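Structure first, commentary second.
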Amino acid sequence: LAAFLSLAAAVVAVNACVSNDDPFEQWHGPKAGDVRGPCPFLNTFANHGFLPRSGKYITHKDLADGLLNAVNFDANISAFLFDFAVSTNPEPNSTWFSLDHLSRHNVLEHDASLSRVDAFHGHADIFNQEAFDETRSHWGDIVDVQSGVSAIVARMKTCKSTNPQYSISQLGEAFILGETAAFISILGDFQTITVDKRRVEYLFQNERLPTTLGWKRPETQFTTDILIGNLQTVAVEYRKRLNSTVLGKRGEGYAERLMHG
Ligand code: HEM
Ligand code: MG
């Protein structure tokens with residue numbers, strides 16, 4: 001009997017370890033009828049259930065709770081991003097958006113994405129290995145501001161030379177720089193602005209948080225100030241490389257003016 005009881009206890013203990021409802025472990029890809037979009041991170045959050053798994057009808061509260069629980073975003077940055085997101089819902093004055101709304105070309109979705117083709121060439125919402133291979137060929141083992149910007153500039157050059165309708169708006173340019181600032185800061189170290197390339201590849205290619213590679217939800221809350229500060233560091237490097245018509249003329253306060261109108 002003692003042997004049986006200790007065996008039973010062991011089985012219970014193993015089960016307790018294996019079956020858990022930790023959302024970081026609860027990953028399911030989209031099922032039929034679910035929608036996803038051009039943002040690898042929001043797709044990932046939906047795959048973990050931090051956002052509605054359907055990808056649809058995402059409210060301000062859904063986004064704020066999801067970004068807080070998944071990656072420790074404060075309420076301000078979630079509100080800031082939600083306003084952009086609802087602007088893609090074709091229904092005016094809506095209070096929600098769906099991930100596929102984000103794909104509407106030249107609202108927020110822009111050319112020269114790191115992991116998607118331009119809308120001119122096809123599906124700008126779906127991960128594209130060839131585009132992403134070009135991007136990651138510019139990253140070292142560590143992605144930092146320098147190699148992050150190298151990849152951006154390379155994708156811009158390629159897309160410009162292959163897409164007769166290539167264009168990037170001022171907002172698109174700010175998003176491009178912000179996206180690189182954001183993925184480095186969230187998956188890596190927001191202070192040194194560096195990240196292990198493998199974590200970034202893993203998230204983009206699997207649309208899953210890279211916990212198996214040692215990533216954990218950041219302990220420091222992520223704020224709009226951190227995002228804008230790191231975006232500006234990326235923008236300074238970008239201006240050095242590219243004869244930018246937009247950020248070059250507008251100077252370093254561009255991101256702040258974007259925010260405050
Ligand atoms: C694309 C990061 C949240 C909207 C992207 C891309 C990255 C990124 C790296 C570029 C993908 C590529 O170039 O292939 C993040 C991170 C987030 C986040 C780290 C939070 C942790 C959001 C939110 C919105 C959003 C809240 C809502 C407005 C978009 C859109 C695109 C995009 C519309 C498509 C742009 C394009 O490449 O054409 N995001 N994102 N993202 N993100 Fe997010
Ligand atoms: Mg795009």
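Scheme for the structure tokens: letters A, B, ... for chains in order shown; per-chain residue numbers from 1; ligand numbers from 1 in order shown.
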What are the closest atom pairs, with distances in Å to one decimal, for all residues of region 74-193 of chain A lying within 9 Å of region 223-246 of chain A? Consider only C-alpha atoms, order rows by chain and residue number, and present the result as JSON lines.
{"residue": "A:Asp74", "atom": "CA", "partner": "A:Thr223", "partner_atom": "CA", "distance": 5.7}
{"residue": "A:Ala75", "atom": "CA", "partner": "A:Thr223", "partner_atom": "CA", "distance": 8.2}
{"residue": "A:Asn76", "atom": "CA", "partner": "A:Thr224", "partner_atom": "CA", "distance": 6.7}
{"residue": "A:Ile77", "atom": "CA", "partner": "A:Thr224", "partner_atom": "CA", "distance": 4.9}
{"residue": "A:Ser78", "atom": "CA", "partner": "A:Thr224", "partner_atom": "CA", "distance": 8.7}
{"residue": "A:Phe80", "atom": "CA", "partner": "A:Thr224", "partner_atom": "CA", "distance": 8.0}
{"residue": "A:Val145", "atom": "CA", "partner": "A:Val234", "partner_atom": "CA", "distance": 5.8}
{"residue": "A:Gln146", "atom": "CA", "partner": "A:Glu237", "partner_atom": "CA", "distance": 6.9}
{"residue": "A:Gly148", "atom": "CA", "partner": "A:Val234", "partner_atom": "CA", "distance": 8.2}
{"residue": "A:Val149", "atom": "CA", "partner": "A:Tyr238", "partner_atom": "CA", "distance": 5.9}
{"residue": "A:Ser150", "atom": "CA", "partner": "A:Arg241", "partner_atom": "CA", "distance": 8.2}
{"residue": "A:Ile152", "atom": "CA", "partner": "A:Tyr238", "partner_atom": "CA", "distance": 8.5}
{"residue": "A:Val153", "atom": "CA", "partner": "A:Leu242", "partner_atom": "CA", "distance": 7.3}
{"residue": "A:Ser169", "atom": "CA", "partner": "A:Val246", "partner_atom": "CA", "distance": 8.6}
{"residue": "A:Gln170", "atom": "CA", "partner": "A:Val246", "partner_atom": "CA", "distance": 6.3}
{"residue": "A:Glu173", "atom": "CA", "partner": "A:Val246", "partner_atom": "CA", "distance": 8.1}
{"residue": "A:Ala174", "atom": "CA", "partner": "A:Leu231", "partner_atom": "CA", "distance": 8.1}
{"residue": "A:Leu177", "atom": "CA", "partner": "A:Leu231", "partner_atom": "CA", "distance": 5.9}
{"residue": "A:Gly178", "atom": "CA", "partner": "A:Leu231", "partner_atom": "CA", "distance": 5.1}
{"residue": "A:Glu179", "atom": "CA", "partner": "A:Leu231", "partner_atom": "CA", "distance": 8.3}
{"residue": "A:Thr180", "atom": "CA", "partner": "A:Val234", "partner_atom": "CA", "distance": 7.9}
{"residue": "A:Ala181", "atom": "CA", "partner": "A:Leu231", "partner_atom": "CA", "distance": 5.3}
{"residue": "A:Ala182", "atom": "CA", "partner": "A:Leu227", "partner_atom": "CA", "distance": 6.5}
{"residue": "A:Ser185", "atom": "CA", "partner": "A:Asn230", "partner_atom": "CA", "distance": 8.1}
{"residue": "A:Phe190", "atom": "CA", "partner": "A:Ile226", "partner_atom": "CA", "distance": 7.7}
{"residue": "A:Gln191", "atom": "CA", "partner": "A:Asn230", "partner_atom": "CA", "distance": 8.5}
{"residue": "A:Ile193", "atom": "CA", "partner": "A:Asn230", "partner_atom": "CA", "distance": 7.4}
What are the closest atom pairs, with distances in Å to one decimal, for each residue of chain A lying within 8 Å of ligand 2, using only C-alpha atoms and all ligand atoms, rows by chain and rising residue number, as CSV?
residue,atom,partner,partner_atom_place_in_ligand_line,distance
A:Pro38,CA,ligand 2,1 (Mg),6.7
A:Ser103,CA,ligand 2,1 (Mg),7.7
A:His105,CA,ligand 2,1 (Mg),7.7
A:Glu109,CA,ligand 2,1 (Mg),4.8
A:His110,CA,ligand 2,1 (Mg),4.1
A:Asp111,CA,ligand 2,1 (Mg),4.6
A:Ala112,CA,ligand 2,1 (Mg),6.1
A:Ser113,CA,ligand 2,1 (Mg),4.4
A:Leu114,CA,ligand 2,1 (Mg),7.8
A:Arg116,CA,ligand 2,1 (Mg),5.8
A:Val117,CA,ligand 2,1 (Mg),6.7
A:Asp118,CA,ligand 2,1 (Mg),5.8
A:Ala119,CA,ligand 2,1 (Mg),7.0
A:Ala124,CA,ligand 2,1 (Mg),5.3
A:Asp125,CA,ligand 2,1 (Mg),7.0
Deliver the residues from the most recent selection as a file, using N, CA, C and O atoms, as a PDB file, in the first residue's frame.
ATOM      1  N   PRO A  38      -0.704  41.967 -39.592  1.00  0.00           N
ATOM      2  CA  PRO A  38       0.696  42.198 -39.976  1.00  0.00           C
ATOM      3  C   PRO A  38       1.644  42.384 -38.800  1.00  0.00           C
ATOM      4  O   PRO A  38       2.856  42.494 -39.014  1.00  0.00           O
ATOM      5  N   SER A 103      -4.107  45.479 -41.382  1.00  0.00           N
ATOM      6  CA  SER A 103      -3.492  45.243 -42.700  1.00  0.00           C
ATOM      7  C   SER A 103      -3.876  46.284 -43.743  1.00  0.00           C
ATOM      8  O   SER A 103      -3.328  46.260 -44.843  1.00  0.00           O
ATOM      9  N   HIS A 105      -3.708  48.895 -46.157  1.00  0.00           N
ATOM     10  CA  HIS A 105      -2.440  49.462 -46.639  1.00  0.00           C
ATOM     11  C   HIS A 105      -2.395  50.977 -46.454  1.00  0.00           C
ATOM     12  O   HIS A 105      -3.342  51.687 -46.780  1.00  0.00           O
ATOM     13  N   GLU A 109      -0.259  49.962 -41.795  1.00  0.00           N
ATOM     14  CA  GLU A 109       0.575  49.003 -42.541  1.00  0.00           C
ATOM     15  C   GLU A 109       1.361  49.769 -43.611  1.00  0.00           C
ATOM     16  O   GLU A 109       0.816  50.602 -44.316  1.00  0.00           O
ATOM     17  N   HIS A 110       2.644  49.452 -43.676  1.00  0.00           N
ATOM     18  CA  HIS A 110       3.540  50.215 -44.565  1.00  0.00           C
ATOM     19  C   HIS A 110       4.405  49.264 -45.384  1.00  0.00           C
ATOM     20  O   HIS A 110       4.559  48.085 -45.047  1.00  0.00           O
ATOM     21  N   ASP A 111       4.981  49.814 -46.439  1.00  0.00           N
ATOM     22  CA  ASP A 111       5.954  49.071 -47.242  1.00  0.00           C
ATOM     23  C   ASP A 111       7.250  48.870 -46.448  1.00  0.00           C
ATOM     24  O   ASP A 111       7.447  49.470 -45.395  1.00  0.00           O
ATOM     25  N   ALA A 112       8.112  48.028 -47.000  1.00  0.00           N
ATOM     26  CA  ALA A 112       9.444  47.773 -46.434  1.00  0.00           C
ATOM     27  C   ALA A 112       9.392  47.140 -45.052  1.00  0.00           C
ATOM     28  O   ALA A 112      10.202  47.444 -44.175  1.00  0.00           O
ATOM     29  N   SER A 113       8.424  46.260 -44.839  1.00  0.00           N
ATOM     30  CA  SER A 113       8.375  45.534 -43.572  1.00  0.00           C
ATOM     31  C   SER A 113       9.524  44.545 -43.481  1.00  0.00           C
ATOM     32  O   SER A 113      10.073  44.106 -44.486  1.00  0.00           O
ATOM     33  N   LEU A 114       9.852  44.190 -42.245  1.00  0.00           N
ATOM     34  CA  LEU A 114      10.984  43.283 -42.007  1.00  0.00           C
ATOM     35  C   LEU A 114      10.649  41.847 -42.369  1.00  0.00           C
ATOM     36  O   LEU A 114      11.539  41.071 -42.718  1.00  0.00           O
ATOM     37  N   ARG A 116       7.394  40.897 -44.020  1.00  0.00           N
ATOM     38  CA  ARG A 116       6.227  40.794 -44.910  1.00  0.00           C
ATOM     39  C   ARG A 116       6.591  41.431 -46.240  1.00  0.00           C
ATOM     40  O   ARG A 116       7.421  42.357 -46.269  1.00  0.00           O
ATOM     41  N   VAL A 117       5.948  40.995 -47.333  1.00  0.00           N
ATOM     42  CA  VAL A 117       6.161  41.646 -48.621  1.00  0.00           C
ATOM     43  C   VAL A 117       5.325  42.934 -48.662  1.00  0.00           C
ATOM     44  O   VAL A 117       4.390  43.119 -47.886  1.00  0.00           O
ATOM     45  N   ASP A 118       5.674  43.817 -49.582  1.00  0.00           N
ATOM     46  CA  ASP A 118       4.860  45.014 -49.805  1.00  0.00           C
ATOM     47  C   ASP A 118       3.480  44.600 -50.327  1.00  0.00           C
ATOM     48  O   ASP A 118       3.358  43.598 -51.046  1.00  0.00           O
ATOM     49  N   ALA A 119       2.463  45.409 -50.021  1.00  0.00           N
ATOM     50  CA  ALA A 119       1.100  45.106 -50.477  1.00  0.00           C
ATOM     51  C   ALA A 119       1.062  44.946 -52.000  1.00  0.00           C
ATOM     52  O   ALA A 119       0.305  44.125 -52.525  1.00  0.00           O
ATOM     53  N   ALA A 124       0.520  41.483 -47.431  1.00  0.00           N
ATOM     54  CA  ALA A 124       1.392  42.237 -46.531  1.00  0.00           C
ATOM     55  C   ALA A 124       1.141  41.889 -45.065  1.00  0.00           C
ATOM     56  O   ALA A 124       1.802  42.420 -44.182  1.00  0.00           O
ATOM     57  N   ASP A 125       0.178  40.991 -44.834  1.00  0.00           N
ATOM     58  CA  ASP A 125      -0.133  40.620 -43.449  1.00  0.00           C
ATOM     59  C   ASP A 125       0.526  39.313 -43.023  1.00  0.00           C
ATOM     60  O   ASP A 125       0.650  39.043 -41.834  1.00  0.00           O
TER      61      ASP A 125
END
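Counting from CA of Glu207 (chain A), the distance to CA of Ala154 (chain A) is 23.4 Å.
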Practice prompt. Would you return as a VMD selection string the members of region 1-238 of chain A that DSSP assigns to strand (DSSP E) on this structure's backbone?
Written response: chain A and resid 58 to 59 96 to 97 142 to 143 195 to 196
